[in-house]
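Have a look at final36.cif; it's mmCIF, C-alpha atoms:
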```cif
data_protein
#
loop_
_atom_site.group_PDB
_atom_site.id
_atom_site.type_symbol
_atom_site.label_atom_id
_atom_site.label_comp_id
_atom_site.auth_asym_id
_atom_site.auth_seq_id
_atom_site.Cartn_x
_atom_site.Cartn_y
_atom_site.Cartn_z
ATOM 1 C CA ARG A 1 0.000 0.000 0.000
ATOM 2 C CA ASP A 2 8.817 6.227 5.790
ATOM 3 C CA LEU A 3 8.455 5.736 9.400
ATOM 4 C CA LEU A 4 11.560 5.139 11.406
ATOM 5 C CA ARG A 5 15.128 5.384 10.197
ATOM 6 C CA PRO A 6 17.068 2.470 11.672
ATOM 7 C CA ARG A 7 20.547 2.997 13.076
ATOM 8 C CA SER A 8 23.419 1.110 11.511
ATOM 9 C CA ASP A 9 23.242 -1.605 14.162
ATOM 10 C CA MET A 10 19.571 -2.274 13.485
ATOM 11 C CA SER A 11 18.138 -4.511 10.811
ATOM 12 C CA ARG A 12 16.024 -2.715 8.281
ATOM 13 C CA ALA A 13 12.454 -3.729 7.708
ATOM 14 C CA ARG A 14 10.147 -2.376 5.074
ATOM 15 C CA HIS A 15 6.617 -3.173 4.923
ATOM 16 C CA SER A 16 3.692 -2.215 2.014
ATOM 17 C CA SER A 17 -1.208 -1.451 -0.758
ATOM 18 C CA ARG A 18 0.495 -0.246 -2.151
ATOM 19 C CA ASP A 19 1.081 -0.898 1.318
ATOM 20 C CA ILE A 20 2.253 1.256 4.056
ATOM 21 C CA GLU A 21 5.908 1.657 4.238
ATOM 22 C CA PHE A 22 8.390 1.825 7.134
ATOM 23 C CA ASP A 23 11.961 1.345 8.035
ATOM 24 C CA LEU A 24 11.802 -0.530 11.339
ATOM 25 C CA PRO A 25 14.218 -1.795 13.956
ATOM 26 C CA GLY A 26 14.837 -5.512 14.039
ATOM 27 C CA ALA A 27 13.015 -5.668 17.355
ATOM 28 C CA LEU A 28 9.819 -5.006 15.441
ATOM 29 C CA ASP A 29 9.758 -8.519 14.065
ATOM 30 C CA ASP A 30 8.748 -10.090 17.360
ATOM 31 C CA MET A 31 6.239 -7.336 18.186
ATOM 32 C CA ALA A 32 4.794 -7.435 14.684
ATOM 33 C CA GLY A 33 4.262 -11.150 15.036
ATOM 34 C CA LEU A 34 2.420 -10.732 18.303
ATOM 35 C CA ALA A 35 0.394 -7.746 17.163
ATOM 36 C CA SER A 36 -0.596 -9.319 13.872
ATOM 37 C CA LYS A 37 -1.664 -12.613 15.413
ATOM 38 C CA ALA A 38 -3.709 -10.748 17.969
ATOM 39 C CA ALA A 39 -5.237 -8.570 15.260
ATOM 40 C CA ILE A 40 -6.531 -11.502 13.272
ATOM 41 C CA GLY A 41 -7.217 -13.776 16.203
ATOM 42 C CA HIS A 42 -5.797 -16.909 14.627
ATOM 43 C CA GLY A 43 -7.325 -16.124 11.426
ATOM 44 C CA ALA A 44 -6.135 -13.251 9.231
ATOM 45 C CA ARG A 45 0.128 -2.903 0.569
ATOM 46 C CA ASP A 46 1.200 -4.801 2.281
ATOM 47 C CA VAL A 47 3.225 -3.296 4.496
ATOM 48 C CA GLU A 48 5.077 -0.849 2.710
ATOM 49 C CA VAL A 49 4.715 -0.539 6.389
ATOM 50 C CA PHE A 50 4.870 3.065 6.059
ATOM 51 C CA GLY A 51 7.503 4.102 3.427
ATOM 52 C CA ASN A 52 10.871 5.064 1.874
ATOM 53 C CA GLY A 53 12.639 8.245 1.016
ATOM 54 C CA ARG A 54 14.391 9.595 -2.022
ATOM 55 C CA GLN A 55 18.125 10.305 -1.957
ATOM 56 C CA GLY A 56 19.724 12.830 -4.256
ATOM 57 C CA ARG A 57 22.470 10.658 -5.656
ATOM 58 C CA PRO A 58 22.732 8.740 -8.938
ATOM 59 C CA ALA A 59 20.923 5.431 -8.949
ATOM 60 C CA GLU A 60 23.075 2.411 -8.185
ATOM 61 C CA ARG A 61 22.611 -0.846 -10.025
ATOM 62 C CA GLN A 62 21.132 -3.331 -7.597
ATOM 63 C CA SER A 63 20.783 -7.067 -7.648
ATOM 64 C CA CYS A 64 17.456 -8.357 -8.924
ATOM 65 C CA ASP A 65 18.003 -11.842 -7.572
ATOM 66 C CA VAL A 66 14.519 -13.152 -6.774
ATOM 67 C CA GLN A 67 14.519 -16.160 -4.511
ATOM 68 C CA PRO A 68 12.329 -19.150 -5.412
ATOM 69 C CA PRO A 69 9.276 -19.498 -3.166
ATOM 70 C CA PRO A 70 9.060 -22.153 -0.462
ATOM 71 C CA ALA A 71 7.413 -25.430 -1.343
ATOM 72 C CA ALA A 72 3.621 -25.219 -1.547
ATOM 73 C CA SER A 73 1.643 -26.376 1.475
ATOM 74 C CA LYS A 74 -1.797 -27.935 1.653
ATOM 75 C CA LYS A 75 -3.376 -24.630 2.680
ATOM 76 C CA ASP A 76 -3.012 -21.083 1.439
ATOM 77 C CA THR A 77 -0.753 -18.943 3.638
ATOM 78 C CA VAL A 78 -1.123 -15.174 4.031
ATOM 79 C CA VAL A 79 1.633 -13.183 5.755
ATOM 80 C CA ILE A 80 0.695 -9.798 7.253
ATOM 81 C CA ILE A 81 1.379 -7.328 10.052
ATOM 82 C CA SER A 82 -1.019 -4.902 11.765
ATOM 83 C CA THR A 83 -0.824 -1.826 9.557
ATOM 84 C CA ASN A 84 -3.384 -0.085 7.384
ATOM 85 C CA ASN A 85 -2.875 -1.689 3.980
ATOM 86 C CA PRO A 86 -2.683 -5.252 5.270
ATOM 87 C CA GLY A 87 -5.608 -4.101 7.408
ATOM 88 C CA ARG A 88 -7.951 -4.763 4.483
ATOM 89 C CA LEU A 89 -7.133 -8.464 4.762
ATOM 90 C CA MET A 90 -7.559 -8.367 8.527
ATOM 91 C CA LEU A 91 -10.958 -6.709 8.142
ATOM 92 C CA PHE A 92 -12.098 -9.050 5.372
ATOM 93 C CA ALA A 93 -11.202 -11.987 7.624
ATOM 94 C CA ALA A 94 -13.079 -10.400 10.541
ATOM 95 C CA LEU A 95 -16.153 -10.053 8.323
ATOM 96 C CA ASN A 96 -15.752 -13.655 7.145
ATOM 97 C CA PRO A 97 -14.636 -15.770 10.119
ATOM 98 C CA LYS A 98 -14.654 -19.062 8.194
ATOM 99 C CA LEU A 99 -11.503 -17.873 6.415
ATOM 100 C CA GLY A 100 -9.645 -18.641 9.618
ATOM 101 C CA GLU A 101 -10.356 -22.314 9.026
ATOM 102 C CA VAL A 102 -8.964 -22.525 5.490
ATOM 103 C CA ILE A 103 -6.038 -20.069 5.504
ATOM 104 C CA ASP A 104 -2.860 -20.089 7.578
ATOM 105 C CA TRP A 105 -2.346 -16.488 8.723
ATOM 106 C CA LYS A 106 1.276 -15.748 9.564
ATOM 107 C CA THR A 107 3.648 -12.834 10.157
ATOM 108 C CA PRO A 108 7.236 -12.116 9.036
ATOM 109 C CA ALA A 109 8.377 -13.371 12.437
ATOM 110 C CA ASP A 110 7.359 -16.858 11.299
ATOM 111 C CA TYR A 111 10.011 -16.552 8.556
ATOM 112 C CA GLY A 112 12.887 -15.122 10.547
ATOM 113 C CA GLY A 113 11.851 -11.465 10.295
ATOM 114 C CA PHE A 114 11.972 -8.927 7.489
ATOM 115 C CA GLY A 115 15.739 -8.928 7.143
ATOM 116 C CA GLY A 116 16.221 -12.682 6.878
ATOM 117 C CA ASP A 117 16.900 -14.893 3.868
ATOM 118 C CA GLU A 118 13.883 -17.037 4.678
ATOM 119 C CA PHE A 119 11.514 -14.086 4.381
ATOM 120 C CA ALA A 120 13.166 -13.076 1.083
ATOM 121 C CA LYS A 121 12.055 -16.437 -0.296
ATOM 122 C CA VAL A 122 8.502 -15.689 0.802
ATOM 123 C CA SER A 123 8.324 -12.069 -0.390
ATOM 124 C CA PRO A 124 10.445 -11.097 -3.413
ATOM 125 C CA GLN A 125 10.156 -7.394 -2.522
ATOM 126 C CA LYS A 126 10.489 -8.071 1.213
ATOM 127 C CA LEU A 127 7.103 -6.462 1.763
ATOM 128 C CA CYS A 128 3.866 -7.484 3.428
ATOM 129 C CA PRO A 129 1.328 -8.776 2.771
ATOM 130 C CA VAL A 130 2.317 -11.752 0.690
ATOM 131 C CA ALA A 131 0.439 -14.972 -0.004
ATOM 132 C CA LEU A 132 1.725 -18.449 -0.755
ATOM 133 C CA THR A 133 -1.026 -20.433 -2.409
ATOM 134 C CA ALA A 134 -1.613 -24.148 -2.125
ATOM 135 C CA GLY A 135 -1.120 -24.291 -5.896
ATOM 136 C CA GLY A 136 2.398 -22.865 -5.670
ATOM 137 C CA LEU A 137 1.790 -19.198 -6.561
ATOM 138 C CA ARG A 138 3.493 -16.411 -4.655
ATOM 139 C CA LEU A 139 1.254 -13.336 -4.613
ATOM 140 C CA PHE A 140 1.979 -9.867 -3.268
ATOM 141 C CA GLU A 141 0.137 -6.524 -3.174
ATOM 142 C CA SER A 142 -2.775 -6.370 -0.763
ATOM 143 C CA ASP A 143 -5.455 -5.820 -3.404
ATOM 144 C CA VAL A 144 -4.294 -8.813 -5.446
ATOM 145 C CA ILE A 145 -4.377 -11.041 -2.377
ATOM 146 C CA LEU A 146 -7.777 -9.738 -1.331
ATOM 147 C CA SER A 147 -9.208 -10.485 -4.792
ATOM 148 C CA TYR A 148 -7.696 -13.972 -4.750
ATOM 149 C CA VAL A 149 -9.121 -14.800 -1.331
ATOM 150 C CA ALA A 150 -12.554 -13.392 -2.226
ATOM 151 C CA ASP A 151 -12.675 -15.414 -5.451
ATOM 152 C CA LYS A 152 -11.340 -18.703 -4.155
ATOM 153 C CA TYR A 153 -13.388 -18.826 -0.972
ATOM 154 C CA ALA A 154 -16.597 -17.236 -2.275
ATOM 155 C CA PRO A 155 -18.819 -20.111 -1.010
ATOM 156 C CA LEU A 156 -17.579 -19.533 2.558
ATOM 157 C CA LEU A 157 -18.137 -15.777 2.668
ATOM 158 C CA GLU A 158 -20.770 -14.117 4.810
ATOM 159 C CA ASN A 159 -19.815 -10.754 3.276
ATOM 160 C CA ASP A 160 -18.421 -10.932 -0.239
ATOM 161 C CA CYS A 161 -18.047 -7.107 -0.296
ATOM 162 C CA ARG A 162 -18.554 -6.956 -4.065
ATOM 163 C CA GLY A 163 -21.473 -4.531 -4.107
ATOM 164 C CA PRO A 164 -25.040 -5.328 -5.205
ATOM 165 C CA THR A 165 -25.117 -3.461 -8.550
ATOM 166 C CA VAL A 166 -22.850 -2.605 -11.461
ATOM 167 C CA GLU A 167 -22.823 1.041 -10.372
ATOM 168 C CA ALA A 168 -21.978 0.167 -6.773
ATOM 169 C CA ARG A 169 -19.125 -2.073 -7.875
ATOM 170 C CA ALA A 170 -17.724 0.591 -10.186
ATOM 171 C CA LEU A 171 -17.865 3.281 -7.495
ATOM 172 C CA SER A 172 -16.271 0.926 -4.983
ATOM 173 C CA ALA A 173 -13.445 0.168 -7.427
ATOM 174 C CA LEU A 174 -12.897 3.889 -7.988
ATOM 175 C CA LEU A 175 -12.627 4.587 -4.251
ATOM 176 C CA VAL A 176 -10.150 1.718 -3.879
ATOM 177 C CA ARG A 177 -8.060 3.107 -6.724
ATOM 178 C CA VAL A 178 -8.004 6.616 -5.238
ATOM 179 C CA HIS A 179 -6.843 5.141 -1.939
ATOM 180 C CA ASP A 180 -4.195 2.852 -3.372
ATOM 181 C CA MET A 181 -2.804 5.291 -5.939
ATOM 182 C CA TYR A 182 -3.005 8.650 -4.195
ATOM 183 C CA ILE A 183 -3.213 8.064 -0.437
ATOM 184 C CA SER A 184 -1.256 4.959 0.523
ATOM 185 C CA GLY A 185 0.691 4.193 -2.661
ATOM 186 C CA THR A 186 4.405 4.789 -3.246
ATOM 187 C CA ASN A 187 5.018 2.955 -6.527
ATOM 188 C CA CYS A 188 8.736 2.549 -5.847
ATOM 189 C CA SER A 189 10.414 0.007 -3.586
ATOM 190 C CA GLN A 190 13.723 1.903 -3.344
ATOM 191 C CA PRO A 191 14.796 3.954 -0.316
ATOM 192 C CA GLN A 192 13.691 7.572 0.091
ATOM 193 C CA PHE A 193 10.386 7.406 -1.777
ATOM 194 C CA PHE A 194 7.211 8.259 0.116
ATOM 195 C CA SER A 195 3.450 7.939 -0.035
ATOM 196 C CA ASN A 196 1.075 10.802 0.747
ATOM 197 C CA GLN A 197 -0.069 9.136 3.955
ATOM 198 C CA ALA A 198 3.539 9.150 5.174
ATOM 199 C CA VAL A 199 3.464 12.901 5.810
ATOM 200 C CA PHE A 200 2.592 12.400 9.470
ATOM 201 C CA TYR A 201 5.006 9.611 10.423
ATOM 202 C CA LYS A 202 8.017 9.598 8.074
ATOM 203 C CA ALA A 203 10.702 11.795 9.602
ATOM 204 C CA ALA A 204 13.078 11.557 6.614
ATOM 205 C CA MET A 205 10.663 13.279 4.243
ATOM 206 C CA PRO A 206 12.028 16.717 3.195
ATOM 207 C CA GLY A 207 9.998 19.712 4.333
ATOM 208 C CA PRO A 208 8.954 20.987 0.880
ATOM 209 C CA GLU A 209 7.871 17.486 -0.148
ATOM 210 C CA ARG A 210 5.941 17.081 3.107
ATOM 211 C CA ALA A 211 4.073 20.331 2.446
ATOM 212 C CA ALA A 212 3.198 19.290 -1.104
ATOM 213 C CA ARG A 213 2.135 15.799 -0.082
ATOM 214 C CA LEU A 214 0.037 17.130 2.794
ATOM 215 C CA LYS A 215 -1.783 19.397 0.333
ATOM 216 C CA ASP A 216 -2.397 16.487 -2.010
ATOM 217 C CA LEU A 217 -3.479 14.160 0.814
ATOM 218 C CA LEU A 218 -6.148 16.657 1.865
ATOM 219 C CA LYS A 219 -7.234 16.972 -1.772
ATOM 220 C CA GLN A 220 -7.623 13.192 -2.060
ATOM 221 C CA LEU A 221 -9.648 13.066 1.162
ATOM 222 C CA ASP A 222 -11.924 15.753 -0.275
ATOM 223 C CA LEU A 223 -12.287 13.602 -3.374
ATOM 224 C CA VAL A 224 -13.239 10.605 -1.247
ATOM 225 C CA GLU A 225 -15.815 12.784 0.523
ATOM 226 C CA SER A 226 -17.318 13.751 -2.834
ATOM 227 C CA LEU A 227 -17.586 10.108 -3.950
ATOM 228 C CA LEU A 228 -19.301 8.697 -0.845
ATOM 229 C CA LEU A 229 -23.032 8.194 -1.340
ATOM 230 C CA PRO A 230 -24.959 10.615 0.909
ATOM 231 C CA ALA A 231 -27.451 8.009 2.139
ATOM 232 C CA GLY A 232 -24.720 5.638 3.353
ATOM 233 C CA PRO A 233 -24.286 4.098 5.760
ATOM 234 C CA TYR A 234 -21.405 2.463 3.867
ATOM 235 C CA CYS A 235 -19.328 3.926 1.057
ATOM 236 C CA VAL A 236 -21.567 2.908 -1.846
ATOM 237 C CA GLY A 237 -24.887 2.202 -0.133
ATOM 238 C CA ASP A 238 -26.392 -0.080 2.473
ATOM 239 C CA ALA A 239 -23.995 -3.015 1.935
ATOM 240 C CA ILE A 240 -20.326 -3.362 2.851
ATOM 241 C CA SER A 241 -18.098 -3.133 -0.229
ATOM 242 C CA PHE A 242 -14.397 -3.453 -0.944
ATOM 243 C CA ALA A 243 -14.245 0.344 -0.662
ATOM 244 C CA ASP A 244 -15.176 0.075 3.022
ATOM 245 C CA VAL A 245 -12.710 -2.755 3.592
ATOM 246 C CA VAL A 246 -9.859 -0.782 1.995
ATOM 247 C CA LEU A 247 -10.602 2.744 3.229
ATOM 248 C CA TYR A 248 -11.533 1.984 6.814
ATOM 249 C CA PRO A 249 -8.121 0.847 8.161
ATOM 250 C CA THR A 250 -6.436 3.955 6.701
ATOM 251 C CA VAL A 251 -9.105 6.489 7.675
ATOM 252 C CA ALA A 252 -9.391 5.035 11.186
ATOM 253 C CA MET A 253 -5.592 5.049 11.565
ATOM 254 C CA MET A 254 -5.349 8.715 10.576
ATOM 255 C CA GLN A 255 -8.280 9.809 12.706
ATOM 256 C CA ASP A 256 -6.992 7.868 15.720
ATOM 257 C CA GLN A 257 -3.794 9.932 15.441
ATOM 258 C CA ALA A 258 -5.628 13.242 14.870
ATOM 259 C CA ALA A 259 -4.699 14.817 18.213
ATOM 260 C CA ALA A 260 -0.981 14.200 17.680
ATOM 261 C CA SER A 261 -0.704 14.248 13.900
ATOM 262 C CA LEU A 262 0.386 16.975 11.515
ATOM 263 C CA VAL A 263 -2.698 16.127 9.438
ATOM 264 C CA GLY A 264 -5.152 16.704 12.284
ATOM 265 C CA SER A 265 -8.764 15.546 12.072
ATOM 266 C CA ILE A 266 -9.560 14.220 8.622
ATOM 267 C CA THR A 267 -13.311 14.125 9.285
ATOM 268 C CA GLU A 268 -13.594 17.834 10.123
ATOM 269 C CA GLY A 269 -15.339 19.562 7.224
ATOM 270 C CA ARG A 270 -16.124 16.178 5.640
ATOM 271 C CA PRO A 271 -19.555 15.237 7.024
ATOM 272 C CA LYS A 272 -20.096 12.139 4.877
ATOM 273 C CA LEU A 273 -16.706 10.741 5.834
ATOM 274 C CA ALA A 274 -17.421 11.496 9.502
ATOM 275 C CA ALA A 275 -20.800 9.737 9.426
ATOM 276 C CA TRP A 276 -19.338 6.743 7.601
ATOM 277 C CA LEU A 277 -16.454 6.418 10.047
ATOM 278 C CA ALA A 278 -18.781 6.655 13.054
ATOM 279 C CA HIS A 279 -20.996 3.921 11.607
ATOM 280 C CA CYS A 280 -18.042 1.610 10.961
ATOM 281 C CA ASN A 281 -16.486 2.318 14.362
ATOM 282 C CA ALA A 282 -19.710 1.122 16.020
ATOM 283 C CA ASP A 283 -19.170 -2.347 14.515
ATOM 284 C CA PRO A 284 -16.765 -4.400 16.697
ATOM 285 C CA ARG A 285 -15.460 -6.208 13.619
ATOM 286 C CA PHE A 286 -14.247 -2.915 12.159
ATOM 287 C CA ARG A 287 -13.146 -1.295 15.395
ATOM 288 C CA GLY A 288 -11.238 -4.386 16.492
ATOM 289 C CA VAL A 289 -8.984 -4.080 13.440
ATOM 290 C CA ALA A 290 -8.508 -0.338 13.995
ATOM 291 C CA ASP A 291 -7.501 -0.926 17.612
ATOM 292 C CA LYS A 292 -4.733 -3.307 16.557
ATOM 293 C CA ILE A 293 -3.418 -0.826 13.995
ATOM 294 C CA LYS A 294 -3.567 1.986 16.560
ATOM 295 C CA ALA A 295 -1.553 -0.098 19.027
ATOM 296 C CA PHE A 296 1.075 -0.702 16.368
ATOM 297 C CA VAL A 297 1.327 2.968 15.383
ATOM 298 C CA ASP A 298 1.378 4.157 19.000
ATOM 299 C CA THR A 299 4.145 1.706 19.848
ATOM 300 C CA PHE A 300 6.454 2.175 16.901
ATOM 301 C CA LEU A 301 5.601 5.584 15.457
ATOM 302 C CA GLY A 302 4.445 7.679 18.376
ATOM 303 C CA LYS A 303 7.683 9.610 18.785
ATOM 304 C CA ALA A 304 8.046 10.173 15.050
ATOM 305 C CA VAL A 305 4.482 11.479 14.782
ATOM 306 C CA ALA A 306 5.006 13.921 17.661
ATOM 307 C CA GLY A 307 8.356 15.108 16.310
ATOM 308 C CA ILE A 308 6.991 15.785 12.826
ATOM 309 C CA THR A 309 3.996 17.661 14.231
ATOM 310 C CA ALA A 310 6.268 19.850 16.342
ATOM 311 C CA LYS A 311 8.543 20.607 13.385
ATOM 312 C CA GLY A 312 5.837 21.021 10.778
ATOM 313 C CA CYS A 313 6.798 21.239 7.106
ATOM 314 C CA GLY A 314 9.827 23.434 7.673
#
```
Can you give me the file's structure in the form of structure tokens?
Amino acid sequence: RDLLRPRSDMSRARHSSRDIEFDLPGALDDMAGLASKAAIGHGARDVEVFGNGRQGRPAERQSCDVQPPPAASKKDTVVIISTNNPGRLMLFAALNPKLGEVIDWKTPADYGGFGGDEFAKVSPQKLCPVALTAGGLRLFESDVILSYVADKYAPLLENDCRGPTVEARALSALLVRVHDMYISGTNCSQPQFFSNQAVFYKAAMPGPERAARLKDLLKQLDLVESLLLPAGPYCVGDAISFADVVLYPTVAMMQDQAAASLVGSITEGRPKLAAWLAHCNADPRFRGVADKIKAFVDTFLGKAVAGITAKGCG
């Protein structure tokens, strides 16, 4: 679907829904494993776990050695951590509890952590989420994995999230694209590239870029507001769609950080977004996912968020 700059004695971890992105200390591996397993309760973009940064030096040729995937198992395996882009998979699993019976939900800690050779065999870009299918495919990108799970396990789903009409499905797809392209997306796996959402937690982002990305983030949120159907209560009507599953983890994450974040309240001045978020927050299946993401952000990004807010875009 940024965050912390590791010191030289720390292993570097990058997660992505484009996927959130982060650079994380090696100690995160154990915590991510615990947080993710708790978030999905033995059942359930990406972690670009909150993002990169761009360096002003000529590009260096890098190895493109892609490791072969592990041998296929009898069940599909999905590897995630508790951040907003993988959050769509967590929420889809919460809405469809039978998925916990047919999918093995794991974290990078189950493969030696983000920096290890074993995880490189699982995820060719060393990002989360990633899926290893029973048929031997290795899938990455949160939206691809979500589509695969929804298609393969359609008979087991209580909420297929597809939308009841052609118009609803088209509007849902548009909202997902706005989110993945312009809010959480980075589109580059190299260091020092950022997503718009990274403005409030990625300390390495240069001030002028932060100001420009903040302006664009607010523009995209206004666009989301304009696309939400007024009657609600969900994004495209009275049924949960993929738009709700994708947008909710990100919107809830940002709003949960409103008091401390440079972005501030994202529902202020956006009444449809505010009503939608309140409706989703009242559902324990939604709020349970948001609470796990909030715990992750508070634990690993709290200081970065406060420092960026104090400094602003200067």
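Closest approach to Tyr248 in chain A among A:Ser226, A:Asn196, A:Asn281, A:Thr299 is made by A:Asn281 (distances from only C-alpha atoms).
The spacing separating CA of Leu223 in chain A from CA of Thr267 in chain A amounts to 12.7 Å.
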Each residue of range 210-266 of chain A with at least one atom at most 12 Å from range 89-92 of chain A should appear once, together with its nearest atom pair and the corresponding distance in Å (one decimal); atoms considered: only C-alpha atoms; ordering: chain, then increasing residue number; output as a tab-separated table.
```
residue	atom	partner	partner_atom	distance
A:Ile240	CA	A:Phe92	CA	10.3
A:Ser241	CA	A:Phe92	CA	10.1
A:Phe242	CA	A:Phe92	CA	8.7
A:Ala243	CA	A:Phe92	CA	11.4
A:Asp244	CA	A:Leu91	CA	9.5
A:Val245	CA	A:Leu91	CA	6.3
A:Val246	CA	A:Leu89	CA	8.6
A:Leu247	CA	A:Leu91	CA	10.7
A:Tyr248	CA	A:Leu91	CA	8.8
A:Pro249	CA	A:Leu91	CA	8.1
A:Thr250	CA	A:Leu91	CA	11.7
```
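For the set A:Gln197, A:Phe114, A:Ala252, A:Lys121, the residue with the smallest atom-to-atom gap to Arg287 in chain A is A:Ala252, counting all atoms listed in the file.
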What do you get, as a PyMOL selection string, if you spell out every residue that the PyMOL selection byres ((chain A and resi 253) around 9) selects here?
chain A and resi 83-84+248-252+254-258+290-291+293-294+297
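Comparing A:Tyr182, A:Phe200, A:Tyr234, A:Phe194 by their smallest distance to Leu217 in chain A, the closest is A:Tyr182 (using all atoms listed in the file).
Compared by their closest atoms to Pro233 in chain A, and using all atoms listed in the file, the residues A:Ala260, A:Ser184, A:Leu277, A:His179 rank with A:Leu277 nearest.
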Where does the PyMOL selection byres ((chain A and resi 210-214) around 12) land in this file, that is, which residues does it pick, as an MDAnalysis selection string?
chainID A and resid 2 53 182:186 193:209 215:221 261:264 266 308:309 311:314
Return the single residue from A:Gly237, A:Val78, A:Asn96, A:Ala310 that is closest to Leu137 in chain A, with distances computed using only C-alpha atoms.
A:Val78
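Distance-wise, CA of Val176 in chain A and CA of Ser142 in chain A end up 11.4 Å apart.
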What does the structure give for the distance between CA of Pro129 in chain A and CA of Pro108 in chain A, in Å to one decimal?
9.2 Å
Restricting to all atoms listed in the file, whichever of A:Leu174, A:Leu139, A:Cys280, A:Val149 is closest to Val102 in chain A is A:Val149
Evaluate the PyMOL selection byres ((chain A and resi 161-169) around 7) and record the selected residues as a ChimeraX atom specification, following the chain and residue labels used in the document.
/A:159-160,170-173,236,239-242
Incomplete range 74-79 of chain A filled out to all heavy atoms as a tab-separated table (two decimals), keeping the file's coordinate frame:
```
chain	number	residue	atom	x	y	z
A	74	LYS	N	-0.45	-27.48	1.96
A	74	LYS	CA	-1.80	-27.94	1.65
A	74	LYS	C	-2.81	-26.80	1.75
A	74	LYS	O	-3.88	-26.89	1.16
A	74	LYS	CB	-2.19	-29.08	2.59
A	74	LYS	CG	-1.38	-30.35	2.40
A	74	LYS	CD	-1.84	-31.45	3.35
A	74	LYS	CE	-1.03	-32.72	3.14
A	74	LYS	NZ	-1.46	-33.80	4.07
A	75	LYS	N	-2.48	-25.76	2.51
A	75	LYS	CA	-3.38	-24.63	2.68
A	75	LYS	C	-2.72	-23.36	2.16
A	75	LYS	O	-1.49	-23.25	2.13
A	75	LYS	CB	-3.73	-24.45	4.17
A	75	LYS	CG	-4.50	-25.60	4.77
A	75	LYS	CD	-4.64	-25.44	6.27
A	75	LYS	CE	-5.52	-24.28	6.66
A	75	LYS	NZ	-5.74	-24.21	8.13
A	76	ASP	N	-3.54	-22.40	1.76
A	76	ASP	CA	-3.01	-21.08	1.44
A	76	ASP	C	-2.46	-20.43	2.69
A	76	ASP	O	-3.01	-20.59	3.79
A	76	ASP	CB	-4.12	-20.19	0.87
A	76	ASP	CG	-4.56	-20.60	-0.52
A	76	ASP	OD1	-3.75	-21.22	-1.25
A	76	ASP	OD2	-5.72	-20.31	-0.88
A	77	THR	N	-1.36	-19.68	2.54
A	77	THR	CA	-0.75	-18.94	3.64
A	77	THR	C	-0.74	-17.46	3.29
A	77	THR	O	-0.36	-17.09	2.17
A	77	THR	CB	0.70	-19.42	3.89
A	77	THR	OG1	0.67	-20.80	4.26
A	77	THR	CG2	1.35	-18.61	5.00
A	78	VAL	N	-1.16	-16.62	4.23
A	78	VAL	CA	-1.12	-15.17	4.03
A	78	VAL	C	-0.30	-14.57	5.16
A	78	VAL	O	-0.55	-14.84	6.35
A	78	VAL	CB	-2.53	-14.56	4.01
A	78	VAL	CG1	-2.45	-13.04	3.89
A	78	VAL	CG2	-3.35	-15.14	2.87
A	79	VAL	N	0.71	-13.77	4.79
A	79	VAL	CA	1.63	-13.18	5.76
A	79	VAL	C	1.35	-11.68	5.85
A	79	VAL	O	1.40	-10.97	4.84
A	79	VAL	CB	3.10	-13.40	5.32
A	79	VAL	CG1	4.06	-12.92	6.41
A	79	VAL	CG2	3.34	-14.88	5.00
```
